[in-house]
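Trainee: The file below is model-v1.cif, mmCIF, C-alpha atoms:
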data_data
#
loop_
_atom_site.label_atom_id
_atom_site.label_comp_id
_atom_site.auth_asym_id
_atom_site.auth_seq_id
_atom_site.Cartn_x
_atom_site.Cartn_y
_atom_site.Cartn_z
CA MET A 1 101.47 30.23 -0.19
CA LEU A 2 97.75 30.08 0.50
CA SER A 3 97.51 33.05 2.84
CA ALA A 4 96.36 35.27 -0.02
CA VAL A 5 92.96 33.57 -0.17
CA THR A 6 92.01 34.29 3.45
CA ASN A 7 89.62 37.06 2.39
CA ASP A 8 87.64 34.56 0.34
CA GLY A 9 86.38 32.52 3.26
CA ILE A 10 89.43 30.55 4.39
CA GLU A 11 88.67 31.43 8.01
CA SER A 12 85.73 29.02 7.93
CA LEU A 13 88.10 26.13 7.24
CA ILE A 14 90.10 26.47 10.45
CA GLY A 15 89.81 23.40 12.63
CA ALA A 16 88.47 20.97 10.02
CA ARG A 17 89.91 17.55 10.81
CA ILE A 18 91.50 15.99 7.74
CA ALA A 19 93.01 12.51 7.45
CA VAL A 20 95.60 12.21 4.66
CA ILE A 21 96.62 8.65 3.82
CA GLY A 22 99.12 7.92 1.09
CA ASP A 23 102.60 8.01 -0.37
CA VAL A 24 104.89 10.53 1.32
CA MET A 25 107.93 11.77 -0.59
CA LEU A 26 110.79 14.19 -0.26
CA ASP A 27 110.80 16.85 -3.00
CA ARG A 28 114.22 18.34 -3.67
CA TYR A 29 114.61 21.42 -5.87
CA VAL A 30 117.97 22.43 -7.30
CA TYR A 31 117.96 25.97 -8.72
CA GLY A 32 120.51 27.63 -10.95
CA THR A 33 121.25 29.28 -14.28
CA VAL A 34 122.22 27.92 -17.68
CA ASN A 35 124.82 29.93 -19.61
CA ARG A 36 126.51 27.31 -21.74
CA VAL A 37 126.35 23.87 -23.31
CA SER A 38 128.60 21.11 -22.03
CA PRO A 39 131.66 20.33 -24.20
CA GLU A 40 131.21 16.67 -23.26
CA ALA A 41 127.68 16.21 -24.65
CA PRO A 42 124.87 18.32 -26.18
CA ILE A 43 123.36 19.14 -22.79
CA ALA A 44 122.94 22.32 -20.77
CA VAL A 45 125.25 23.03 -17.85
CA LEU A 46 123.33 24.14 -14.75
CA GLY A 47 125.28 26.43 -12.47
CA ILE A 48 123.69 25.64 -9.09
CA SER A 49 122.89 28.58 -6.84
CA ARG A 50 120.69 27.00 -4.16
CA GLU A 51 118.77 23.91 -3.11
CA ARG A 52 115.50 23.45 -1.27
CA THR A 53 113.72 20.41 0.15
CA MET A 54 110.05 20.09 1.07
CA LEU A 55 107.43 17.44 1.72
CA GLY A 56 106.09 15.85 -1.45
CA GLY A 57 103.27 13.53 -2.45
CA ALA A 58 100.85 12.92 0.41
CA GLY A 59 103.14 15.05 2.58
CA ASN A 60 102.56 18.05 0.30
CA VAL A 61 98.80 17.43 0.42
CA ALA A 62 98.95 17.37 4.21
CA ARG A 63 101.01 20.55 4.51
CA ASN A 64 98.65 22.39 2.16
CA ALA A 65 95.63 21.34 4.25
CA ALA A 66 97.45 22.46 7.39
CA ALA A 67 98.27 25.80 5.73
CA LEU A 68 94.53 26.28 5.20
CA GLY A 69 93.96 25.90 8.94
CA ALA A 70 92.98 22.22 9.04
CA ASP A 71 93.94 19.86 11.85
CA VAL A 72 95.70 17.19 9.79
CA THR A 73 96.62 13.59 10.53
CA LEU A 74 99.03 12.08 8.00
CA VAL A 75 99.54 8.33 7.61
CA GLY A 76 102.37 7.03 5.43
CA LEU A 77 105.87 5.58 5.43
CA HIS A 78 109.49 6.38 4.67
CA GLY A 79 112.77 4.52 4.59
CA ASP A 80 115.32 4.18 7.36
CA ASP A 81 117.71 6.57 5.61
CA ASP A 82 118.90 10.18 5.54
CA ALA A 83 116.01 11.25 3.32
CA GLY A 84 113.54 9.68 5.74
CA ARG A 85 115.07 11.53 8.64
CA GLU A 86 114.81 14.74 6.63
CA VAL A 87 111.11 13.97 6.08
CA GLU A 88 110.67 13.64 9.86
CA VAL A 89 112.34 17.02 10.45
CA LEU A 90 110.08 18.69 7.90
CA LEU A 91 106.99 17.06 9.41
CA ALA A 92 107.96 18.24 12.89
CA ASP A 93 108.16 21.83 11.59
CA GLU A 94 104.58 21.82 10.25
CA VAL A 95 102.00 23.46 12.51
CA GLY A 96 98.68 21.64 12.66
CA LEU A 97 100.05 18.37 11.27
CA SER A 98 100.34 15.12 13.23
CA ALA A 99 102.15 12.30 11.41
CA HIS A 100 101.98 8.54 11.90
CA MET A 101 104.84 7.33 9.73
CA MET A 102 105.98 3.73 9.39
CA VAL A 103 109.77 3.39 9.09
CA CYS A 104 110.75 0.68 6.59
CA ALA A 105 114.28 -0.69 6.59
CA ASP A 106 113.66 -2.64 3.38
CA ARG A 107 112.85 0.27 1.07
CA PRO A 108 114.21 3.78 0.47
CA THR A 109 112.37 7.02 1.04
CA SER A 110 110.88 8.28 -2.23
CA VAL A 111 112.90 11.31 -3.38
CA LYS A 112 112.12 13.42 -6.44
CA THR A 113 114.78 15.92 -7.45
CA ARG A 114 113.92 18.70 -9.88
CA PHE A 115 116.56 20.84 -11.58
CA VAL A 116 115.20 24.29 -12.38
CA ALA A 117 116.44 27.30 -14.35
CA ALA A 118 114.41 30.43 -15.23
CA ASN A 119 111.22 28.96 -13.75
CA GLN A 120 111.48 25.91 -16.03
CA GLN A 121 112.33 22.33 -15.12
CA LEU A 122 115.33 20.97 -16.99
CA LEU A 123 115.32 17.48 -15.51
CA ARG A 124 113.68 15.39 -12.79
CA THR A 125 115.24 12.35 -11.16
CA ASP A 126 113.31 9.80 -9.06
CA PHE A 127 114.84 7.59 -6.39
CA GLU A 128 112.19 5.25 -5.01
CA ALA A 129 110.68 1.81 -4.60
CA ASP A 130 107.12 1.08 -5.68
CA GLY A 131 106.61 -2.56 -4.77
CA ASP A 132 104.27 -3.97 -2.14
CA VAL A 133 105.10 -3.32 1.50
CA THR A 134 105.56 -6.20 3.91
CA GLU A 135 102.50 -7.73 5.57
CA ALA A 136 103.51 -6.31 8.96
CA THR A 137 103.88 -2.81 7.52
CA ALA A 138 100.55 -3.14 5.69
CA ASN A 139 98.83 -4.11 8.92
CA ASP A 140 100.36 -1.14 10.77
CA LEU A 141 99.34 1.24 7.98
CA LEU A 142 95.77 -0.09 8.04
CA ALA A 143 95.42 0.28 11.80
CA SER A 144 96.77 3.86 11.73
CA ALA A 145 94.62 4.77 8.73
CA LEU A 146 91.38 3.54 10.32
CA ALA A 147 92.21 5.34 13.57
CA ALA A 148 92.72 8.56 11.58
CA VAL A 149 89.43 8.10 9.71
CA ASP A 150 87.57 7.70 13.01
CA GLN A 151 88.63 11.23 14.02
CA ALA A 152 88.26 12.94 10.63
CA ASP A 153 85.75 15.29 9.01
CA ALA A 154 87.13 14.39 5.56
CA VAL A 155 89.56 11.79 4.21
CA ILE A 156 92.11 12.10 1.42
CA LEU A 157 93.57 9.05 -0.34
CA SER A 158 96.74 10.44 -1.93
CA ASP A 159 97.84 7.68 -4.28
CA TYR A 160 101.22 7.90 -6.01
CA ALA A 161 101.42 4.13 -6.59
CA LYS A 162 104.36 3.62 -4.21
CA GLY A 163 102.80 0.85 -2.15
CA VAL A 164 100.94 2.50 0.74
CA LEU A 165 97.45 2.35 -0.76
CA ASP A 166 96.77 -1.29 -1.52
CA ARG A 167 93.29 -2.58 -2.29
CA ARG A 168 92.65 -3.81 1.26
CA LEU A 169 93.50 -0.45 2.82
CA ILE A 170 91.47 1.55 0.29
CA ASP A 171 88.39 -0.66 0.71
CA ALA A 172 88.60 -0.55 4.50
CA VAL A 173 89.12 3.22 4.66
CA ILE A 174 86.27 4.00 2.28
CA GLU A 175 83.93 1.56 4.08
CA ARG A 176 84.73 3.14 7.46
CA ALA A 177 84.36 6.69 6.12
CA VAL A 178 81.04 5.94 4.40
CA ARG A 179 79.73 4.41 7.62
CA ARG A 180 80.59 7.67 9.40
CA THR A 181 79.21 9.79 6.50
CA VAL A 182 82.64 11.37 6.06
CA PRO A 183 83.56 12.47 2.50
CA VAL A 184 86.44 10.65 0.79
CA ILE A 185 88.51 12.40 -1.87
CA ALA A 186 90.76 10.10 -3.88
CA ASP A 187 93.65 11.36 -6.01
CA PRO A 188 94.21 8.36 -8.31
CA LYS A 189 97.21 6.71 -9.88
CA SER A 190 95.72 3.30 -10.67
CA LEU A 191 94.36 3.17 -14.21
CA ASP A 192 91.44 1.12 -12.87
CA PHE A 193 89.33 3.80 -11.20
CA ALA A 194 87.06 1.07 -9.75
CA PHE A 195 89.98 0.65 -7.33
CA TYR A 196 88.46 3.65 -5.50
CA ARG A 197 84.83 2.47 -5.62
CA GLY A 198 82.71 4.27 -3.04
CA ALA A 199 84.81 7.46 -2.93
CA GLY A 200 82.86 10.70 -2.94
CA VAL A 201 85.14 12.61 -5.33
CA LEU A 202 87.86 11.39 -7.66
CA THR A 203 90.39 14.02 -8.80
CA PRO A 204 92.24 12.78 -11.92
CA ASN A 205 94.21 15.12 -14.11
CA ARG A 206 93.60 15.20 -17.85
CA ALA A 207 96.18 12.53 -18.67
CA GLU A 208 94.98 10.19 -15.93
CA LEU A 209 91.34 10.50 -16.99
CA GLN A 210 92.20 9.80 -20.62
CA ALA A 211 94.41 6.83 -19.76
CA ALA A 212 91.84 5.28 -17.43
CA THR A 213 88.88 5.62 -19.81
CA GLN A 214 90.68 5.42 -23.18
CA MET A 215 88.54 8.40 -24.22
CA GLU A 216 89.62 11.79 -25.59
CA VAL A 217 89.38 14.60 -23.04
CA ALA A 218 90.53 17.67 -25.00
CA SER A 219 87.22 19.57 -24.89
CA ASN A 220 84.62 20.26 -22.21
CA ASP A 221 82.18 17.79 -23.76
CA GLN A 222 84.81 15.08 -24.05
CA THR A 223 85.86 15.59 -20.44
CA VAL A 224 82.26 15.32 -19.27
CA ALA A 225 81.70 12.13 -21.28
CA ALA A 226 84.81 10.49 -19.82
CA ALA A 227 83.90 11.57 -16.29
CA ARG A 228 80.36 10.20 -16.65
CA HIS A 229 81.85 6.92 -17.86
CA VAL A 230 83.85 6.74 -14.62
CA ILE A 231 80.79 7.56 -12.51
CA ASP A 232 78.64 4.97 -14.29
CA HIS A 233 81.17 2.13 -14.31
CA CYS A 234 83.39 2.66 -11.27
CA GLY A 235 81.03 3.52 -8.43
CA ILE A 236 82.30 7.09 -7.89
CA GLU A 237 79.90 9.85 -6.85
CA ALA A 238 81.67 12.76 -8.59
CA VAL A 239 84.71 13.44 -10.74
CA LEU A 240 86.72 16.65 -10.50
CA ALA A 241 88.98 16.64 -13.55
CA THR A 242 91.94 19.01 -13.29
CA ARG A 243 92.91 20.29 -16.74
CA GLY A 244 95.99 22.46 -16.27
CA SER A 245 95.65 25.84 -17.95
CA ASP A 246 92.06 24.93 -18.92
CA GLY A 247 90.97 24.93 -15.28
CA MET A 248 88.85 22.10 -13.93
CA SER A 249 85.54 20.35 -14.55
CA LEU A 250 83.19 18.96 -11.89
CA VAL A 251 80.89 16.18 -13.10
CA ARG A 252 78.17 14.54 -10.99
CA ALA A 253 75.71 11.80 -11.91
CA HIS A 254 72.45 13.74 -12.19
CA GLU A 255 73.54 17.39 -12.34
CA GLU A 256 74.84 19.76 -14.96
CA PRO A 257 78.65 19.80 -15.20
CA LEU A 258 80.54 22.76 -13.79
CA HIS A 259 83.53 24.10 -15.74
CA ILE A 260 85.80 26.52 -13.89
CA PRO A 261 88.59 28.38 -15.71
CA THR A 262 91.98 28.53 -14.02
CA SER A 263 92.61 31.49 -11.76
CA ALA A 264 96.34 31.45 -12.51
CA ARG A 265 97.57 34.45 -14.50
CA GLU A 266 100.38 32.44 -16.08
CA VAL A 267 101.30 28.80 -15.63
CA PHE A 268 105.06 28.19 -15.25
CA ASP A 269 104.99 24.80 -13.53
CA VAL A 270 102.12 22.53 -12.53
CA SER A 271 104.14 20.66 -9.88
CA GLY A 272 102.08 20.40 -6.72
CA ALA A 273 98.96 22.07 -8.13
CA GLY A 274 97.01 18.82 -7.99
CA ASP A 275 98.01 18.32 -4.36
CA THR A 276 96.73 21.80 -3.57
CA VAL A 277 93.39 21.09 -5.27
CA VAL A 278 92.89 17.92 -3.25
CA ALA A 279 93.89 19.57 0.03
CA ALA A 280 91.65 22.60 -0.43
CA LEU A 281 88.73 20.51 -1.65
CA ALA A 282 88.86 18.11 1.30
CA THR A 283 89.37 20.87 3.85
CA ALA A 284 86.39 22.80 2.51
CA LEU A 285 84.17 19.71 2.48
CA GLY A 286 85.34 18.81 5.98
CA ALA A 287 84.38 22.29 7.14
CA GLY A 288 80.86 21.79 5.79
CA LEU A 289 81.01 23.72 2.51
CA LYS A 290 78.96 22.49 -0.44
CA LEU A 291 80.81 20.73 -3.24
CA ASP A 292 80.43 23.64 -5.69
CA GLU A 293 81.87 26.03 -3.11
CA ALA A 294 84.69 23.63 -2.26
CA VAL A 295 85.63 23.28 -5.93
CA ALA A 296 85.72 27.05 -6.43
CA LEU A 297 88.01 27.40 -3.42
CA ALA A 298 90.26 24.58 -4.64
CA ASN A 299 90.59 26.24 -8.04
CA LEU A 300 91.57 29.53 -6.45
CA ALA A 301 94.18 27.82 -4.27
CA ALA A 302 95.63 25.92 -7.23
CA GLY A 303 95.96 29.14 -9.23
CA ILE A 304 98.07 30.63 -6.46
#
Have the structure of the file written as structure tokens, please.

Mentor:
Amino acid sequence: MLSAVTNDGIESLIGARIAVIGDVMLDRYVYGTVNRVSPEAPIAVLGISRERTMLGGAGNVARNAAALGADVTLVGLHGDDDAGREVEVLLADEVGLSAHMMVCADRPTSVKTRFVAANQQLLRTDFEADGDVTEATANDLLASALAAVDQADAVILSDYAKGVLDRRLIDAVIERAVRRTVPVIADPKSLDFAFYRGAGVLTPNRAELQAATQMEVASNDQTVAAARHVIDHCGIEAVLATRGSDGMSLVRAHEEPLHIPTSAREVFDVSGAGDTVVAALATALGAGLKLDEAVALANLAAGI
């Protein structure tokens, strides 16, 4: 997917060591066509033609970073079930990705199934658990996460609020990374962005930024105001707000904001675009690019 951006400097990213810590999922896509309405209810009938599974959540972030040439270490968990075993097979097929996955018998693997016709989603179903993990699992996750940080050039906290990233792990990872002067990019799901205090870059989408700040974010100026509120009150160095078809906005404490229009020609489906932004941003920062350059690269990758 990302091979088309190699002429724009991707070669410089090869070998960057990226730690991805977060909620791994299995994404299942069911494709087909709709030619009629069900006689049983006013709903479309999807004639299924094919299915596809791929890594989702933090797994999708990791595979995107690996596709950019990074040396990726992924820390997460899955259930002791068929979906979890499918996750392991997919992880084993990824070049440049080393996974440290906890297997949990007390919770299912997170599975998101999307039903698609004519490039449009008709329905998504979620099968998952989002409660706290056991103390033993939390301790194993923390030990693996800190070991990954110690070998990383950049760290991604990929939070989908499924239980991997509790407050203790986030605090410990950020503290260790800051001590090593390694950038931390956090993709948030908690509405309290102070949860990620100390992170170098926070990457909320428009809805997440509005929900967390209770401020309107429709325009450039509104987005900047909300992002500055996060920086001032939550201890974050920079906010990269992803805004769908409106591109993205980079806001830092004492610099002029940077607004970048989307590079996509037409937006059919935003699924996974945020993961791509985070992966490209972290890989570029890990390779030593400046933040402005890393954001431009992330925007290009997301457009593709």

Trainee: Please, what distance in Å, to one decimal, runs between CA of Val173 (chain A) and CA of Ala145 (chain A)?

Mentor: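 Those two atoms sit 7.0 Å apart.
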
Trainee: Region 84-86 of chain A: which residues within 9 Å, counting all atoms listed in the file, same-chain residues fewer than 3 positions away excluded, as a ChimeraX atom specification?

Mentor: /A:25-26,53,77-81,89-91,103,108-110

Trainee: Go ahead and save the picked residues with C-alpha atoms, as a PDB file, keeping the file's coordinate frame.

Mentor:
ATOM      1  CA  MET A  25     107.930  11.770  -0.590  1.00  0.00           C
ATOM      2  CA  LEU A  26     110.790  14.190  -0.260  1.00  0.00           C
ATOM      3  CA  THR A  53     113.720  20.410   0.150  1.00  0.00           C
ATOM      4  CA  LEU A  77     105.870   5.580   5.430  1.00  0.00           C
ATOM      5  CA  HIS A  78     109.490   6.380   4.670  1.00  0.00           C
ATOM      6  CA  GLY A  79     112.770   4.520   4.590  1.00  0.00           C
ATOM      7  CA  ASP A  80     115.320   4.180   7.360  1.00  0.00           C
ATOM      8  CA  ASP A  81     117.710   6.570   5.610  1.00  0.00           C
ATOM      9  CA  VAL A  89     112.340  17.020  10.450  1.00  0.00           C
ATOM     10  CA  LEU A  90     110.080  18.690   7.900  1.00  0.00           C
ATOM     11  CA  LEU A  91     106.990  17.060   9.410  1.00  0.00           C
ATOM     12  CA  VAL A 103     109.770   3.390   9.090  1.00  0.00           C
ATOM     13  CA  PRO A 108     114.210   3.780   0.470  1.00  0.00           C
ATOM     14  CA  THR A 109     112.370   7.020   1.040  1.00  0.00           C
ATOM     15  CA  SER A 110     110.880   8.280  -2.230  1.00  0.00           C
TER      16      SER A 110
END

Trainee: List the residues matched by the PyMOL selection byres ((chain A and resi 217) around 12) in the displayed structure as a PyMOL selection string, ordered by chain and then by residue number.

Mentor: chain A and resi 204-216+218-229+241-243+246+248-249

Trainee: What lies within 12 Å of Arg252 (chain A) using all atoms listed in the file, ignoring chain neighbours under 2 positions off, as a list in words?

Mentor: Gly200, Val201, Leu202, Val224, Ala225, Ala226, Ala227, Arg228, His229, Val230, Ile231, Asp232, Gly235, Ile236, Glu237, Ala238, Val239, Leu240, Ala241, Ser249, Leu250, His254, Glu255, Glu256, Pro257, Leu258, His259, Leu291 and Asp292 of chain A

Trainee: I would like the residues chosen by the PyMOL selection byres ((chain A and resi 97) around 6) on the shown file; could you give them as a list in words?

Mentor: Val72, Thr73, Glu94, Val95, Gly96 and Ser98 of chain A

Trainee: To test the calculation: enclose all listed atoms of region 174-177 of chain A in a box whose edges run along x, y and z, add 3 Å on each side, then state centre and edge lengths in Å to one decimal, as lines of an AutoDock Vina configuration file.

Mentor:
center_x = 85.1
center_y = 4.1
center_z = 4.9
size_x = 8.3
size_y = 11.1
size_z = 11.2

Trainee: Could you check which of A:Thr134, A:Ser12, A:Thr181, A:Ser38 is closest to Cys104 (chain A), using all atoms listed in the file?

Mentor: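 Among the listed residues, A:Thr134 lies closest to Cys104 (chain A).
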
Trainee: Please, what distance in Å, to one decimal, runs between CA of Asp132 (chain A) and CA of Gly274 (chain A)?

Mentor: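 Interatomic distance here is 24.6 Å.
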
Trainee: May I ask which of the residues A:His100, A:Asp130, A:Ala287, A:Val277 is the closest one to Ile185 (chain A), counting all atoms listed in the file?

Mentor: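 Smallest distance to Ile185 (chain A) is found for A:Val277.
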
Trainee: If the PyMOL selection byres ((chain A and resi 160) around 9) is run on the structure shown, which residues does it catch, given as a PyMOL selection string?

Mentor: chain A and resi 22-24+57-58+158-159+161-165+187-190

Trainee: How would the residues just chosen look if you wrote them out with C-alpha atoms as an mmCIF file, in the coordinates of the input?

Mentor:
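The resulting file, again.cif, is shown below:
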data_model
loop_
_atom_site.group_PDB
_atom_site.id
_atom_site.type_symbol
_atom_site.label_atom_id
_atom_site.label_comp_id
_atom_site.auth_asym_id
_atom_site.auth_seq_id
_atom_site.Cartn_x
_atom_site.Cartn_y
_atom_site.Cartn_z
ATOM 1 C CA GLY A 22 99.120 7.920 1.090
ATOM 2 C CA ASP A 23 102.600 8.010 -0.370
ATOM 3 C CA VAL A 24 104.890 10.530 1.320
ATOM 4 C CA GLY A 57 103.270 13.530 -2.450
ATOM 5 C CA ALA A 58 100.850 12.920 0.410
ATOM 6 C CA SER A 158 96.740 10.440 -1.930
ATOM 7 C CA ASP A 159 97.840 7.680 -4.280
ATOM 8 C CA ALA A 161 101.420 4.130 -6.590
ATOM 9 C CA LYS A 162 104.360 3.620 -4.210
ATOM 10 C CA GLY A 163 102.800 0.850 -2.150
ATOM 11 C CA VAL A 164 100.940 2.500 0.740
ATOM 12 C CA LEU A 165 97.450 2.350 -0.760
ATOM 13 C CA ASP A 187 93.650 11.360 -6.010
ATOM 14 C CA PRO A 188 94.210 8.360 -8.310
ATOM 15 C CA LYS A 189 97.210 6.710 -9.880
ATOM 16 C CA SER A 190 95.720 3.300 -10.670
#

Trainee: Please provide as a tab-separated table (two decimals) with C-alpha atoms, in the coordinates of the input all residues within 7 Å of Asp126 (chain A), with the sequence filter that same-chain residues fewer than 3 positions apart are discarded (counting all atoms listed in the file).

Mentor:
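Listing of result_37.tsv after writing:
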chain	number	residue	atom	x	y	z
A	111	VAL	CA	112.90	11.31	-3.38
A	112	LYS	CA	112.12	13.42	-6.44
A	113	THR	CA	114.78	15.92	-7.45

Trainee: Would you mind reading off the distance between CA of Leu55 (chain A) and CA of Val87 (chain A), one decimal, in Å?

Mentor: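 Rounded to one decimal, the two atoms are 6.7 Å apart.
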
Trainee: Near Arg36 (chain A), counting only C-alpha atoms, which residues have an atom at most 10 Å away, once you skip same-chain residues fewer than 2 positions from it, shown as a list in words?

Mentor: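 The residues that qualify are Thr33, Val34, Ser38, Pro39, Ile43, Ala44, Val45, Leu46 and Gly47 of chain A.
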
Trainee: Taking all atoms listed in the file into account, which of A:Arg50, A:His233, A:Tyr31, A:Ile174 comes nearest Leu122 (chain A)?

Mentor: A:Tyr31

Trainee: Using only C-alpha atoms, which of the listed residues (A:Arg197, A:Arg180, A:Arg124, A:Arg52) sits closest to Asp153 (chain A)?

Mentor: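 Among A:Arg197, A:Arg180, A:Arg124, A:Arg52, it is A:Arg180 that comes nearest to Asp153 (chain A).
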
Trainee: Return the single residue from A:Arg176, A:Arg17, A:Lys290, A:Arg114 that is closest to Leu142 (chain A), with distances computed using only C-alpha atoms.

Mentor: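 Looking at the shortest contact to Leu142 (chain A), the residue is A:Arg176.
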
Trainee: My list of candidates is A:Cys234, A:Asp93, A:Ala148, A:Asp171. Which is closest to Leu191 (chain A) when distances are computed with only C-alpha atoms?

Mentor: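 Of A:Cys234, A:Asp93, A:Ala148, A:Asp171, the one nearest Leu191 (chain A) is A:Cys234, counting only C-alpha atoms.
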
Trainee: Would you save region 214-232 of chain A from the block above with N, CA and C atoms, as a tab-separated table (two decimals), in the first residue's frame?

Mentor:
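File written: selection-v6.tsv
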chain	number	residue	atom	x	y	z
A	214	GLN	N	-14.47	19.44	24.68
A	214	GLN	CA	-15.80	20.07	24.66
A	214	GLN	C	-15.75	21.42	23.95
A	215	MET	N	-14.94	21.48	22.89
A	215	MET	CA	-14.80	22.68	22.08
A	215	MET	C	-15.10	22.33	20.62
A	216	GLU	N	-15.68	23.27	19.87
A	216	GLU	CA	-15.93	23.05	18.45
A	216	GLU	C	-14.61	22.99	17.69
A	217	VAL	N	-14.55	22.10	16.71
A	217	VAL	CA	-13.31	21.95	15.93
A	217	VAL	C	-13.60	21.89	14.43
A	218	ALA	N	-14.61	22.63	13.97
A	218	ALA	CA	-14.99	22.59	12.57
A	218	ALA	C	-14.00	23.34	11.68
A	219	SER	N	-13.47	24.46	12.15
A	219	SER	CA	-12.58	25.29	11.34
A	219	SER	C	-11.14	25.14	11.77
A	220	ASN	N	-10.23	25.73	10.98
A	220	ASN	CA	-8.81	25.72	11.35
A	220	ASN	C	-8.60	26.40	12.70
A	221	ASP	N	-9.18	27.57	12.88
A	221	ASP	CA	-8.98	28.32	14.12
A	221	ASP	C	-9.54	27.57	15.32
A	222	GLN	N	-10.69	26.94	15.16
A	222	GLN	CA	-11.27	26.18	16.26
A	222	GLN	C	-10.41	24.96	16.61
A	223	THR	N	-9.87	24.32	15.59
A	223	THR	CA	-8.99	23.17	15.82
A	223	THR	C	-7.75	23.59	16.58
A	224	VAL	N	-7.16	24.71	16.18
A	224	VAL	CA	-5.96	25.21	16.86
A	224	VAL	C	-6.26	25.55	18.31
A	225	ALA	N	-7.39	26.19	18.57
A	225	ALA	CA	-7.75	26.56	19.93
A	225	ALA	C	-7.92	25.33	20.81
A	226	ALA	N	-8.58	24.30	20.28
A	226	ALA	CA	-8.77	23.07	21.05
A	226	ALA	C	-7.45	22.37	21.30
A	227	ALA	N	-6.58	22.34	20.28
A	227	ALA	CA	-5.28	21.69	20.43
A	227	ALA	C	-4.42	22.43	21.45
A	228	ARG	N	-4.46	23.75	21.43
A	228	ARG	CA	-3.68	24.53	22.42
A	228	ARG	C	-4.22	24.30	23.83
A	229	HIS	N	-5.51	24.10	23.95
A	229	HIS	CA	-6.09	23.78	25.26
A	229	HIS	C	-5.50	22.47	25.78
A	230	VAL	N	-5.38	21.48	24.90
A	230	VAL	CA	-4.79	20.19	25.29
A	230	VAL	C	-3.33	20.37	25.71
A	231	ILE	N	-2.57	21.12	24.92
A	231	ILE	CA	-1.16	21.35	25.23
A	231	ILE	C	-1.00	22.04	26.57
A	232	ASP	N	-1.82	23.05	26.82
A	232	ASP	CA	-1.71	23.85	28.05
A	232	ASP	C	-2.15	23.10	29.29
